[in-house]
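Since the structure comes first, as structure tokens, the remarks are kept for the end.
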Amino acid sequence: STHSNTNIRIKLPVVCFTWQIAMIILFGVFVRYDSESDAHWPETMIQNNITSNTENDFYYRYPSFQDVHVMIFVGFGFLMTFLKRYSFSAVGFNFLIASFGIQWALLMQGWFGSLDPSTGKILIGVENLINADFCVAGCLIAFGAVLGKVSPVQLLVMTLFGVTLFAVEEYIILELLHVKDAGGSMVIHAFGGYYGLTISRVLYRPRIHQSKHLQGSVYQSDVFAMIGTLFLWMFWPSFNSAIAYHGDGQHRAVINTYLCLAASVLTTVAISSLSQKTGKLDMVHIQNSTLAGGVALGTAAEFMVSPYGALIVGFLCGILSTMGYIFISPFLEKNLKIHDTCGIHNLHAMPGLIGGIVGAITAATANELDYGKQGLINTFGLTGKLQSRSPSTQGGYQAAGICVALAFGIVGGAIVGGILRLPIWGDPADENCYDDEVYWEVSTTDTQHLHYIL
Amino acid sequence: STHSNTNIRIKLPVVCFTWQIAMIILFGVFVRYDSESDAHWPETMIQNNITSNTENDFYYRYPSFQDVHVMIFVGFGFLMTFLKRYSFSAVGFNFLIASFGIQWALLMQGWFGSLDPSTGKILIGVENLINADFCVAGCLIAFGAVLGKVSPVQLLVMTLFGVTLFAVEEYIILELLHVKDAGGSMVIHAFGGYYGLTISRVLYRPRIHQSKHLQGSVYQSDVFAMIGTLFLWMFWPSFNSAIAYHGDGQHRAVINTYLCLAASVLTTVAISSLSQKTGKLDMVHIQNSTLAGGVALGTAAEFMVSPYGALIVGFLCGILSTMGYIFISPFLEKNLKIHDTCGIHNLHAMPGLIGGIVGAITAATANELDYGKQGLINTFGLTGKLQSRSPSTQGGYQAAGICVALAFGIVGGAIVGGILRLPIWGDPADENCYDDEVYWEVSTTDTQHLHYIL
Amino acid sequence: STHSNTNIRIKLPVVCFTWQIAMIILFGVFVRYDSESDAHWPETMIQNNITSNTENDFYYRYPSFQDVHVMIFVGFGFLMTFLKRYSFSAVGFNFLIASFGIQWALLMQGWFGSLDPSTGKILIGVENLINADFCVAGCLIAFGAVLGKVSPVQLLVMTLFGVTLFAVEEYIILELLHVKDAGGSMVIHAFGGYYGLTISRVLYRPRIHQSKHLQGSVYQSDVFAMIGTLFLWMFWPSFNSAIAYHGDGQHRAVINTYLCLAASVLTTVAISSLSQKTGKLDMVHIQNSTLAGGVALGTAAEFMVSPYGALIVGFLCGILSTMGYIFISPFLEKNLKIHDTCGIHNLHAMPGLIGGIVGAITAATANELDYGKQGLINTFGLTGKLQSRSPSTQGGYQAAGICVALAFGIVGGAIVGGILRLPIWGDPADENCYDDEVYWEVSTTDTQHLHYIL
């Protein structure tokens, strides 16, 4: 029976309409163009003695923005299509919650970060769009833990609170503690990972085995998932550099991420092959652990980690992430009742922590010899009140940032998990998990064909 | 029987060769590099006191160009793969007609817009490539209305005339009336939509039900189509900003389009769910109506519509487009004999008209307070002879632009539809519509498998 | 039996770990950031009187770099998924060998080209990343010839030697002979093509027909392959312009490649249709020969070939490449025992040679009237010791470059082929070729389903 998933027809439209109307009202009250996207820009140029449009931040950031945008919608969306009968939901719900989340993120991040003090307005430009995409990435990571087990209404609720928590956590880490985390190892990946895992724990379904026949992949769905993997992998250098410092900062973040990811691929393949009696590779590892290096360099990508440092991080993360799939995921499910559909612990949570640690160590050991005087100031933003903060102090703050991300993920996830357990969000019955037919019109031909091949 | 589709072997190669040879000759006579792509550029720099290569338009436009290019070939191509047995034709014929169309567009648009008066040559640069891609988009939209029902030879003829009509219509709207339409709500979407719908009306097949078993999707083909949807959706900010004014114009067009599209997704999901007794979502809506916001902001994206204005447009278009699939498409087929395979009326024609209206209203209400003096001049191009044109007058011209696009689409479509009815283009028999086997080598294994799953 | 492919479990991890550790050590000793990606960049700006970060090469090259990156991982990877049961290996091994290859390429190309004489360090920036991707492209081309017939360990060996040979060949052609080849017609495509074909000859399997049932495509795998085709096709303008001269050089290379590829599509369709009794199109031709124009303009894309010149090259290459699939590939297999799984002879080797010839002729006929004095110097890099080299002399050197590429491909391929014949690399048995099950965990459901549809 599908008793517990009957009311989507009213709930989903109500939530979508309510939230979209709320967004329109709040944007009407609060959101305006910033000086670089406002039609008064020609006057701004004259006032600030800017002689070329190339100095508009748009041209520094737009190519990276579009790459990040592809990661959010195609990367995350297709990575989760690997289940044999949940591809519509994977790519469709990813589309839905990201589209809602980016709007709410512009508001939340704006109130905390881009509020013009004189007018009380949030002024947005291309960097805000990137940050909104980043914020949503945290929620999409959490989606991976509960994929197939929650309704789209639950996902929208999870995104509403996820974005809210993210904006507060980000404000504390980046603004109050002045921690650097351009690619979001802590702010995005560790937070999003533990947020999702804790929610999955609270929503634990002891009888999920009733949907076991739908919990694997088929040949075609694994190829679709590789589209997601590759677009994430290829554009991760843009992710880690998108909001890095103009010039050498962005340039270096790209080089480091490129190298780190390449090393992850080799060690992922090695461990995957070692883990099977016959030496055969497991698509789950290739689809996920190859990306761990990008996560783990999220904090340090713009630092002077040096090319071989980036390779070492990628080397270790490929190993640890793949071993996570082999050893940790089964342990978490069996002993801690944390069921993690996509293995986000291995791809995001753990590598995110590693990334925070790598960042803290790299920051603590930074020095003028490696960076130059101005380079040190630019890279760590040590100007104004912070000009006397030493690298080792910065390292300490970086470490504190890890704890904040972790605390927000776990405590926030516990609270939101509790809210999601309320019996009003139309969650699917245990025997209907991982099944598109609960939410999508699927032709009977397809259903029969699926039953045949199973 | 396949009596009416036998002669492709001679006709298709003859048309391809003839047209490609004609292109070579016409390019030889007319087309040269513009000053920014010619090897004399270093001298041009000195003459014009340009000190940095970054001022070459290439660096302002190239990232957007590549995004638009992806929309044309992967976006349109894969969006149309949703039919269970027409994916080869969808992506293959899209590839063919776009490749031909961009060449013919460079010539047609060049004669009308980029002709160097002193030499009689068409001088091309990256902006011309973008405009050629845009022009072809109009024809690919029209392709969506007749998908599965015409031969590749008919498509090439339709593209030849479509590009020709487009260039004239564009010249009248953009040059003679001096209407702004950077993302082509009127010039591309309304024109292309009504062009395709009128052709489909003229080619109406009363016995198309003989191919009914092939007219739906299967599970995998719907996932393939989502690749097209997402690349269109993600890169639409580039589409609407690609030829916008350098600096704030491009920047603002991106922000507006990003927001508008996000709102479309939520209302599309809401209406799709409401429309089904069980509240299930329909993939057709998600694949198409989520994009309506991008179309509807094609004219106004670079204007100061303000962020909440963009959200409102997206909100309404998601609703209207989805309701179009539910109510208008069946009505058009039953009452007006307009069969619209991809529902281009709901994704392009109607949102294109809305976009034209939004643009006219926004232009008419533009003022110096919102834009600044120079901003108003830059955004609407009100220099030289046009410097005395007021915003409200501009609004009137914008409205006139809608009528021109509509007239060209409908009258042009009627004429070209008549030409396509001539029994010399090898159109498929009614019982062979939507079937790749008419035009492509398909293994017998695949054919048997398809018959099995049907 | 699978007697000859049993030892992957040890060999593959050992090779992956050994090579990745070697990379870390060598990067530690040799590789550092260049001046534009080093944190000392603010000081460099002051020293060199650079006033804007936009002058950092990152902003000239990064959009093209990301496009090239997509071509390497999604383009090549998905193009090779066309086989019905080898998609995992196609996209997965492509991922593996490219990830290894780019690291080794940075070292090899660095030793030959970017070594800082005072410190003995290789200094890397975004242009090095592009060149590493280019270098790997040569090996991925070679992969196409042996697809399905070699083990991943063999592929890693082939890549190790392939990158090594490439770096030497490239050094001779580009540095010693000072030949221009920005898009690599000779250096990448002709070399990679003949390298792969020669290896395939040495590894010839007389009993490959035992895997004949797996050697074709199925409907879905052909659609997946079109993803690869289209991303290669769309981003080829970036490939040919990525390392071209700033400003007009990059601009012109994009225009030429765009046009050339468009012409290839039309003639490919024409010949494909002509080649079948019924006029039906063959997916193999559309997937491959449409790209031949991009290969053939690799050398001359940045030259003043003029728009119609680009169309002529595309016109001819579409014809020749498609006829290669129809006539030459069967001939090579039957008479020369060269089995070429993906038809790289027709897509890379032969068009690469044509590209070298087109480049030589265009260079030899270059003159000050067409290029301007400074344009001629910039385009051909005729400064310093080379300032007296005439265009016709340059044409001669270009022709010599073709011979060097060819020699390295054939001689190198023969030697590496011999190494790959050693019975220690775990190559698959004849009856297990083209079968993912040898290397990947595949569910039994999938296997049964495949056997059913065959």
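Ordering of the structure tokens sets the chain letters (A, B, ...); residue numbers start at 1 within each chain; ligands are numbered from 1 in the order shown.
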
Next item on the list: Identify all residues of region 331-383 of chain B in helix (DSSP H, G or I) (DSSP on the backbone) and supply them as an MDAnalysis selection string.
Entry: chainID B and resid 331:336 344:364 368:371 373:380

Notebook entry, point to check: Do you know which residues are at most 12 Å from Gly314 (chain B) counting only C-alpha atoms, after dropping those on the same chain fewer than 5 positions away, and could you put them as a PyMOL selection string?
Noted result: (chain A and resi 20-21+23-24+99) or (chain B and resi 256-268+289-298+301+307-309+319-321+351+354-355+358)

Mind writing the picked residues with N, CA, C and O atoms as a short mmCIF file (atom, residue, chain, number, x, y, z; two decimals), in the first residue's frame?
data_model
loop_
_atom_site.label_atom_id
_atom_site.label_comp_id
_atom_site.auth_asym_id
_atom_site.auth_seq_id
_atom_site.Cartn_x
_atom_site.Cartn_y
_atom_site.Cartn_z
N GLN A 20 7.34 30.45 -3.23
CA GLN A 20 7.71 31.32 -4.34
C GLN A 20 7.11 32.71 -4.15
O GLN A 20 7.75 33.72 -4.46
N ILE A 21 5.88 32.77 -3.64
CA ILE A 21 5.27 34.09 -3.39
C ILE A 21 6.04 34.83 -2.30
O ILE A 21 6.31 36.04 -2.41
N MET A 23 9.14 34.53 -1.68
CA MET A 23 10.38 35.01 -2.29
C MET A 23 10.15 36.32 -3.04
O MET A 23 10.94 37.26 -2.95
N ILE A 24 9.06 36.38 -3.80
CA ILE A 24 8.79 37.59 -4.58
C ILE A 24 8.62 38.80 -3.65
O ILE A 24 9.19 39.87 -3.89
N SER A 99 16.55 25.14 -7.30
CA SER A 99 15.91 26.37 -7.79
C SER A 99 15.27 27.16 -6.66
O SER A 99 15.30 28.39 -6.66
N ASN B 256 19.01 38.66 -13.88
CA ASN B 256 17.57 38.57 -14.12
C ASN B 256 17.16 37.20 -14.64
O ASN B 256 16.15 36.63 -14.20
N THR B 257 17.93 36.68 -15.58
CA THR B 257 17.55 35.40 -16.18
C THR B 257 17.67 34.26 -15.17
O THR B 257 16.82 33.37 -15.11
N TYR B 258 18.73 34.31 -14.39
CA TYR B 258 18.96 33.31 -13.32
C TYR B 258 17.77 33.26 -12.38
O TYR B 258 17.23 32.18 -12.07
N LEU B 259 17.29 34.41 -11.96
CA LEU B 259 16.18 34.46 -11.00
C LEU B 259 14.87 34.02 -11.65
O LEU B 259 14.09 33.26 -11.07
N CYS B 260 14.64 34.51 -12.85
CA CYS B 260 13.39 34.22 -13.53
C CYS B 260 13.22 32.72 -13.75
O CYS B 260 12.15 32.16 -13.52
N LEU B 261 14.29 32.08 -14.16
CA LEU B 261 14.24 30.64 -14.41
C LEU B 261 14.00 29.85 -13.14
O LEU B 261 13.31 28.83 -13.14
N ALA B 262 14.60 30.31 -12.03
CA ALA B 262 14.41 29.60 -10.77
C ALA B 262 12.94 29.62 -10.36
O ALA B 262 12.39 28.60 -9.91
N ALA B 263 12.30 30.77 -10.55
CA ALA B 263 10.88 30.85 -10.18
C ALA B 263 10.01 29.97 -11.08
O ALA B 263 9.05 29.34 -10.61
N SER B 264 10.36 29.88 -12.35
CA SER B 264 9.61 29.02 -13.27
C SER B 264 9.57 27.57 -12.80
O SER B 264 8.58 26.88 -12.99
N VAL B 265 10.68 27.12 -12.25
CA VAL B 265 10.75 25.71 -11.84
C VAL B 265 9.71 25.41 -10.77
O VAL B 265 8.98 24.42 -10.85
N LEU B 266 9.59 26.29 -9.78
CA LEU B 266 8.66 26.02 -8.68
C LEU B 266 7.20 26.03 -9.14
O LEU B 266 6.42 25.16 -8.75
N THR B 267 6.84 26.98 -9.98
CA THR B 267 5.43 27.01 -10.38
C THR B 267 5.12 25.91 -11.40
O THR B 267 4.01 25.39 -11.44
N THR B 268 6.11 25.52 -12.20
CA THR B 268 5.89 24.39 -13.10
C THR B 268 5.60 23.12 -12.30
O THR B 268 4.66 22.37 -12.61
N SER B 289 8.45 23.41 -19.40
CA SER B 289 7.90 24.65 -18.84
C SER B 289 8.86 25.33 -17.88
O SER B 289 8.78 26.55 -17.66
N THR B 290 9.79 24.57 -17.31
CA THR B 290 10.80 25.17 -16.44
C THR B 290 11.66 26.19 -17.19
O THR B 290 12.34 27.00 -16.56
N LEU B 291 11.63 26.10 -18.53
CA LEU B 291 12.46 26.99 -19.34
C LEU B 291 11.71 28.26 -19.77
O LEU B 291 12.33 29.18 -20.33
N ALA B 292 10.41 28.29 -19.53
CA ALA B 292 9.60 29.39 -20.09
C ALA B 292 10.07 30.76 -19.59
O ALA B 292 9.99 31.75 -20.31
N GLY B 293 10.55 30.80 -18.35
CA GLY B 293 11.01 32.07 -17.80
C GLY B 293 12.17 32.67 -18.60
O GLY B 293 12.26 33.89 -18.76
N GLY B 294 13.05 31.82 -19.08
CA GLY B 294 14.17 32.31 -19.88
C GLY B 294 13.70 32.96 -21.16
O GLY B 294 14.21 34.01 -21.57
N VAL B 295 12.71 32.32 -21.80
CA VAL B 295 12.14 32.88 -23.03
C VAL B 295 11.50 34.24 -22.75
O VAL B 295 11.71 35.21 -23.48
N ALA B 296 10.74 34.28 -21.65
CA ALA B 296 9.92 35.47 -21.39
C ALA B 296 10.75 36.66 -20.90
O ALA B 296 10.25 37.77 -20.82
N LEU B 297 12.02 36.42 -20.59
CA LEU B 297 12.86 37.54 -20.21
C LEU B 297 13.86 37.90 -21.31
O LEU B 297 14.78 38.68 -21.10
N GLY B 298 13.64 37.31 -22.47
CA GLY B 298 14.58 37.53 -23.57
C GLY B 298 14.71 38.99 -23.97
O GLY B 298 15.79 39.45 -24.31
N ALA B 301 15.72 41.21 -20.24
CA ALA B 301 16.77 40.77 -19.32
C ALA B 301 17.79 41.86 -19.02
O ALA B 301 18.28 41.98 -17.90
N PRO B 307 15.24 42.58 -9.50
CA PRO B 307 15.22 41.14 -9.20
C PRO B 307 13.82 40.59 -8.94
O PRO B 307 13.47 39.52 -9.43
N TYR B 308 12.98 41.31 -8.19
CA TYR B 308 11.65 40.74 -7.93
C TYR B 308 10.79 40.75 -9.18
O TYR B 308 9.93 39.89 -9.36
N GLY B 309 11.04 41.72 -10.08
CA GLY B 309 10.32 41.72 -11.36
C GLY B 309 10.63 40.45 -12.15
O GLY B 309 9.74 39.83 -12.74
N ILE B 319 3.55 28.89 -14.69
CA ILE B 319 2.12 28.53 -14.61
C ILE B 319 1.51 28.44 -16.01
O ILE B 319 0.90 27.44 -16.38
N LEU B 320 1.69 29.53 -16.77
CA LEU B 320 1.04 29.58 -18.09
C LEU B 320 1.56 28.50 -19.03
O LEU B 320 0.78 27.88 -19.76
N SER B 321 2.86 28.28 -19.00
CA SER B 321 3.43 27.29 -19.91
C SER B 321 2.91 25.89 -19.56
O SER B 321 2.53 25.12 -20.45
N PRO B 351 5.36 32.20 -24.45
CA PRO B 351 6.29 32.97 -23.62
C PRO B 351 7.05 34.04 -24.40
O PRO B 351 7.42 35.07 -23.84
N ILE B 354 4.77 36.96 -24.43
CA ILE B 354 4.80 37.57 -23.10
C ILE B 354 6.09 38.37 -22.93
O ILE B 354 6.08 39.50 -22.42
N GLY B 355 7.19 37.80 -23.40
CA GLY B 355 8.47 38.48 -23.30
C GLY B 355 8.47 39.80 -24.03
O GLY B 355 9.03 40.81 -23.54
N VAL B 358 6.40 42.19 -21.86
CA VAL B 358 7.19 42.60 -20.69
C VAL B 358 8.24 43.63 -21.09
O VAL B 358 8.43 44.65 -20.41
#

Contacts between chain A and chain C, please, where a residue of chain C counts if it comes within 6 Å (with only C-alpha atoms); show its shortest atom pair and distance in Å to one decimal, rows by chain and ascending number, as a tab-separated table.
residue	atom	partner	partner_atom	distance
C:Ile8	CA	A:Gly279	CA	5.7
C:Arg9	CA	A:Gly279	CA	3.7
C:Pro13	CA	A:Ala270	CA	4.0
C:Cys16	CA	A:Leu266	CA	5.5
C:Ile24	CA	A:Tyr308	CA	5.4
C:Phe27	CA	A:Tyr308	CA	5.1
C:Gly28	CA	A:Tyr308	CA	5.0
C:Glu36	CA	A:Asp248	CA	5.7
C:Ser37	CA	A:Asp248	CA	4.3
C:Asp38	CA	A:Asp248	CA	5.9
C:Ala39	CA	A:Gly375	CA	4.8
C:His40	CA	A:Gly372	CA	5.3
C:Asn53	CA	A:Gly247	CA	5.2
C:Phe58	CA	A:His251	CA	5.9
C:Ser99	CA	A:Ala262	CA	4.7
C:Tyr439	CA	A:Lys280	CA	4.8
C:Trp440	CA	A:Leu281	CA	4.7
C:Glu441	CA	A:Asp282	CA	5.6

Next item on the list: Identify, on the basis of only C-alpha atoms, every residue whose closest approach to Gly196 (chain B) does not exceed 9 Å; exclude the query and any residue fewer than 2 positions from it along the same chain; express the result as a list in words.
Entry: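 Counting only C-alpha atoms, the residues come to Gly138, Cys139, Leu140, Ile141, Ala142, Phe143, Gly144, Ala145, Val146, Phe191, Gly192, Gly193, Tyr194, Thr198, Ile199, Ser200, Arg201, Asp340, Ile344, Gly409, Ile410 and Gly413 of chain B.
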
Take the residues from that selection and write them out as a PDB file, in the first residue's frame, keeping N, CA and C atoms.
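File again-v5.pdb, as written:
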ATOM      1  N   GLY B 138      15.871  29.898 -33.897  1.00  0.00           N
ATOM      2  CA  GLY B 138      14.512  30.060 -34.391  1.00  0.00           C
ATOM      3  C   GLY B 138      14.057  28.856 -35.206  1.00  0.00           C
ATOM      4  N   CYS B 139      14.951  28.352 -36.054  1.00  0.00           N
ATOM      5  CA  CYS B 139      14.598  27.198 -36.893  1.00  0.00           C
ATOM      6  C   CYS B 139      14.506  25.914 -36.075  1.00  0.00           C
ATOM      7  N   LEU B 140      15.322  25.796 -35.050  1.00  0.00           N
ATOM      8  CA  LEU B 140      15.281  24.585 -34.220  1.00  0.00           C
ATOM      9  C   LEU B 140      13.998  24.558 -33.400  1.00  0.00           C
ATOM     10  N   ILE B 141      13.529  25.739 -33.002  1.00  0.00           N
ATOM     11  CA  ILE B 141      12.234  25.823 -32.320  1.00  0.00           C
ATOM     12  C   ILE B 141      11.148  25.290 -33.249  1.00  0.00           C
ATOM     13  N   ALA B 142      11.174  25.768 -34.495  1.00  0.00           N
ATOM     14  CA  ALA B 142      10.181  25.311 -35.471  1.00  0.00           C
ATOM     15  C   ALA B 142      10.274  23.799 -35.689  1.00  0.00           C
ATOM     16  N   PHE B 143      11.495  23.279 -35.678  1.00  0.00           N
ATOM     17  CA  PHE B 143      11.721  21.835 -35.799  1.00  0.00           C
ATOM     18  C   PHE B 143      10.910  21.082 -34.736  1.00  0.00           C
ATOM     19  N   GLY B 144      10.846  21.644 -33.543  1.00  0.00           N
ATOM     20  CA  GLY B 144      10.128  20.988 -32.449  1.00  0.00           C
ATOM     21  C   GLY B 144       8.659  20.749 -32.751  1.00  0.00           C
ATOM     22  N   ALA B 145       8.038  21.617 -33.533  1.00  0.00           N
ATOM     23  CA  ALA B 145       6.616  21.444 -33.847  1.00  0.00           C
ATOM     24  C   ALA B 145       6.376  20.290 -34.799  1.00  0.00           C
ATOM     25  N   VAL B 146       7.346  20.045 -35.692  1.00  0.00           N
ATOM     26  CA  VAL B 146       7.151  19.027 -36.729  1.00  0.00           C
ATOM     27  C   VAL B 146       7.999  17.784 -36.493  1.00  0.00           C
ATOM     28  N   PHE B 191       8.851  34.462 -33.249  1.00  0.00           N
ATOM     29  CA  PHE B 191       8.968  34.157 -34.674  1.00  0.00           C
ATOM     30  C   PHE B 191       9.092  32.654 -34.909  1.00  0.00           C
ATOM     31  N   GLY B 192      10.096  32.035 -34.269  1.00  0.00           N
ATOM     32  CA  GLY B 192      10.350  30.612 -34.481  1.00  0.00           C
ATOM     33  C   GLY B 192       9.143  29.766 -34.102  1.00  0.00           C
ATOM     34  N   GLY B 193       8.489  30.138 -33.016  1.00  0.00           N
ATOM     35  CA  GLY B 193       7.333  29.378 -32.556  1.00  0.00           C
ATOM     36  C   GLY B 193       6.194  29.414 -33.565  1.00  0.00           C
ATOM     37  N   TYR B 194       5.821  30.602 -33.995  1.00  0.00           N
ATOM     38  CA  TYR B 194       4.682  30.688 -34.922  1.00  0.00           C
ATOM     39  C   TYR B 194       5.051  30.187 -36.315  1.00  0.00           C
ATOM     40  N   THR B 198       2.716  27.222 -37.724  1.00  0.00           N
ATOM     41  CA  THR B 198       1.987  27.398 -38.989  1.00  0.00           C
ATOM     42  C   THR B 198       2.379  26.311 -39.989  1.00  0.00           C
ATOM     43  N   ILE B 199       3.656  26.016 -40.062  1.00  0.00           N
ATOM     44  CA  ILE B 199       4.083  24.922 -40.950  1.00  0.00           C
ATOM     45  C   ILE B 199       3.396  23.619 -40.541  1.00  0.00           C
ATOM     46  N   SER B 200       3.365  23.364 -39.232  1.00  0.00           N
ATOM     47  CA  SER B 200       2.735  22.137 -38.763  1.00  0.00           C
ATOM     48  C   SER B 200       1.258  22.102 -39.162  1.00  0.00           C
ATOM     49  N   ARG B 201       0.605  23.255 -39.116  1.00  0.00           N
ATOM     50  CA  ARG B 201      -0.797  23.321 -39.532  1.00  0.00           C
ATOM     51  C   ARG B 201      -0.953  22.966 -41.000  1.00  0.00           C
ATOM     52  N   ASP B 340       1.588  19.695 -32.406  1.00  0.00           N
ATOM     53  CA  ASP B 340       2.820  20.344 -31.944  1.00  0.00           C
ATOM     54  C   ASP B 340       3.593  19.333 -31.106  1.00  0.00           C
ATOM     55  N   ILE B 344       5.974  23.448 -28.624  1.00  0.00           N
ATOM     56  CA  ILE B 344       6.711  24.711 -28.734  1.00  0.00           C
ATOM     57  C   ILE B 344       5.817  25.910 -28.500  1.00  0.00           C
ATOM     58  N   GLY B 409       6.337  35.141 -38.711  1.00  0.00           N
ATOM     59  CA  GLY B 409       6.186  33.732 -38.361  1.00  0.00           C
ATOM     60  C   GLY B 409       4.994  33.113 -39.070  1.00  0.00           C
ATOM     61  N   ILE B 410       3.859  33.768 -39.008  1.00  0.00           N
ATOM     62  CA  ILE B 410       2.634  33.166 -39.538  1.00  0.00           C
ATOM     63  C   ILE B 410       2.606  33.191 -41.064  1.00  0.00           C
ATOM     64  N   GLY B 413       5.496  31.059 -42.354  1.00  0.00           N
ATOM     65  CA  GLY B 413       5.200  29.644 -42.133  1.00  0.00           C
ATOM     66  C   GLY B 413       4.185  29.113 -43.132  1.00  0.00           C
TER      67      GLY B 413
END

Next item on the list: Would you kindly return, as a VMD selection string, each protein, DNA or RNA residue with an atom no farther than 8 Å from any atom of Gly401 (chain A), considering only C-alpha atoms and excluding same-chain residues fewer than 2 positions away?
Entry: chain A and resid 173 177 179 186 356 397 to 399 403 to 405

With N, CA, C and O atoms kept, could you save the residues just selected as an mmCIF file, in the first residue's frame?
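Below is the file result-v9.cif, written as the result:
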data_model
loop_
_atom_site.group_PDB
_atom_site.id
_atom_site.type_symbol
_atom_site.label_atom_id
_atom_site.label_comp_id
_atom_site.auth_asym_id
_atom_site.auth_seq_id
_atom_site.Cartn_x
_atom_site.Cartn_y
_atom_site.Cartn_z
ATOM 1 N N ILE A 173 31.684 31.575 10.464
ATOM 2 C CA ILE A 173 33.004 31.083 10.066
ATOM 3 C C ILE A 173 33.768 32.128 9.247
ATOM 4 O O ILE A 173 34.906 32.473 9.571
ATOM 5 N N LEU A 177 34.790 34.758 12.504
ATOM 6 C CA LEU A 177 36.113 34.153 12.772
ATOM 7 C C LEU A 177 37.140 34.531 11.704
ATOM 8 O O LEU A 177 38.323 34.250 11.860
ATOM 9 N N VAL A 179 37.672 33.147 8.809
ATOM 10 C CA VAL A 179 38.317 31.926 8.313
ATOM 11 C C VAL A 179 38.231 31.931 6.786
ATOM 12 O O VAL A 179 37.246 32.405 6.220
ATOM 13 N N MET A 186 34.802 23.146 4.706
ATOM 14 C CA MET A 186 34.068 23.130 5.971
ATOM 15 C C MET A 186 32.643 23.597 5.783
ATOM 16 O O MET A 186 31.684 22.918 6.134
ATOM 17 N N GLY A 356 39.333 20.841 5.951
ATOM 18 C CA GLY A 356 39.476 21.850 6.995
ATOM 19 C C GLY A 356 40.819 21.745 7.692
ATOM 20 O O GLY A 356 41.489 22.753 7.963
ATOM 21 N N TYR A 397 42.165 29.753 14.101
ATOM 22 C CA TYR A 397 40.805 30.116 13.712
ATOM 23 C C TYR A 397 40.252 29.145 12.675
ATOM 24 O O TYR A 397 39.077 28.786 12.695
ATOM 25 N N GLN A 398 41.131 28.754 11.737
ATOM 26 C CA GLN A 398 40.693 27.786 10.721
ATOM 27 C C GLN A 398 40.196 26.509 11.392
ATOM 28 O O GLN A 398 39.151 25.962 11.029
ATOM 29 N N ALA A 399 40.943 26.042 12.404
ATOM 30 C CA ALA A 399 40.542 24.827 13.113
ATOM 31 C C ALA A 399 39.213 25.038 13.829
ATOM 32 O O ALA A 399 38.354 24.135 13.861
ATOM 33 N N CYS A 403 35.025 23.088 13.689
ATOM 34 C CA CYS A 403 34.108 22.729 14.777
ATOM 35 C C CYS A 403 32.740 23.386 14.584
ATOM 36 O O CYS A 403 31.700 22.771 14.837
ATOM 37 N N VAL A 404 32.753 24.646 14.148
ATOM 38 C CA VAL A 404 31.480 25.331 13.929
ATOM 39 C C VAL A 404 30.665 24.615 12.848
ATOM 40 O O VAL A 404 29.464 24.359 13.016
ATOM 41 N N ALA A 405 31.323 24.263 11.739
ATOM 42 C CA ALA A 405 30.615 23.578 10.648
ATOM 43 C C ALA A 405 30.027 22.263 11.138
ATOM 44 O O ALA A 405 28.871 21.927 10.855
#

Next item on the list: Tell me, in Å to one decimal, how far CA of Tyr86 (chain B) is from CA of Lys149 (chain B).
Entry: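 About the pair CA of Tyr86 (chain B) and CA of Lys149 (chain B): they are 10.7 Å apart.
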
Margin query: I want to know what sits within 7 Å of region 73-78 of chain C, based on only C-alpha atoms, with residues of the same chain fewer than 3 positions away left out; could you give that as a list in words?
Written below: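 Counting only the stated atoms, we get Leu230 of chain A; His69, Val70, Thr81, Ala90, Val91, Asn94, Phe95, Phe224, Ala225, Ile227, Gly228, Thr229, Phe231 and Leu232 of chain C.
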
Check: Mind checking DSSP for region 7-209 of chain C and telling me the strand (DSSP E or B) residues as a list in words?
Finding: Val31, Arg32, Tyr33, Leu83, Leu115, Asp116, Lys121, Ile122, Leu123 and Ile124 of chain C

Next item on the list: Excluding region 110-125 of chain B and any residue of its chain fewer than 6 positions from it, enumerate the residues within 6 Å of it, using only C-alpha atoms, and give them as a count of residues only.
Entry: 5
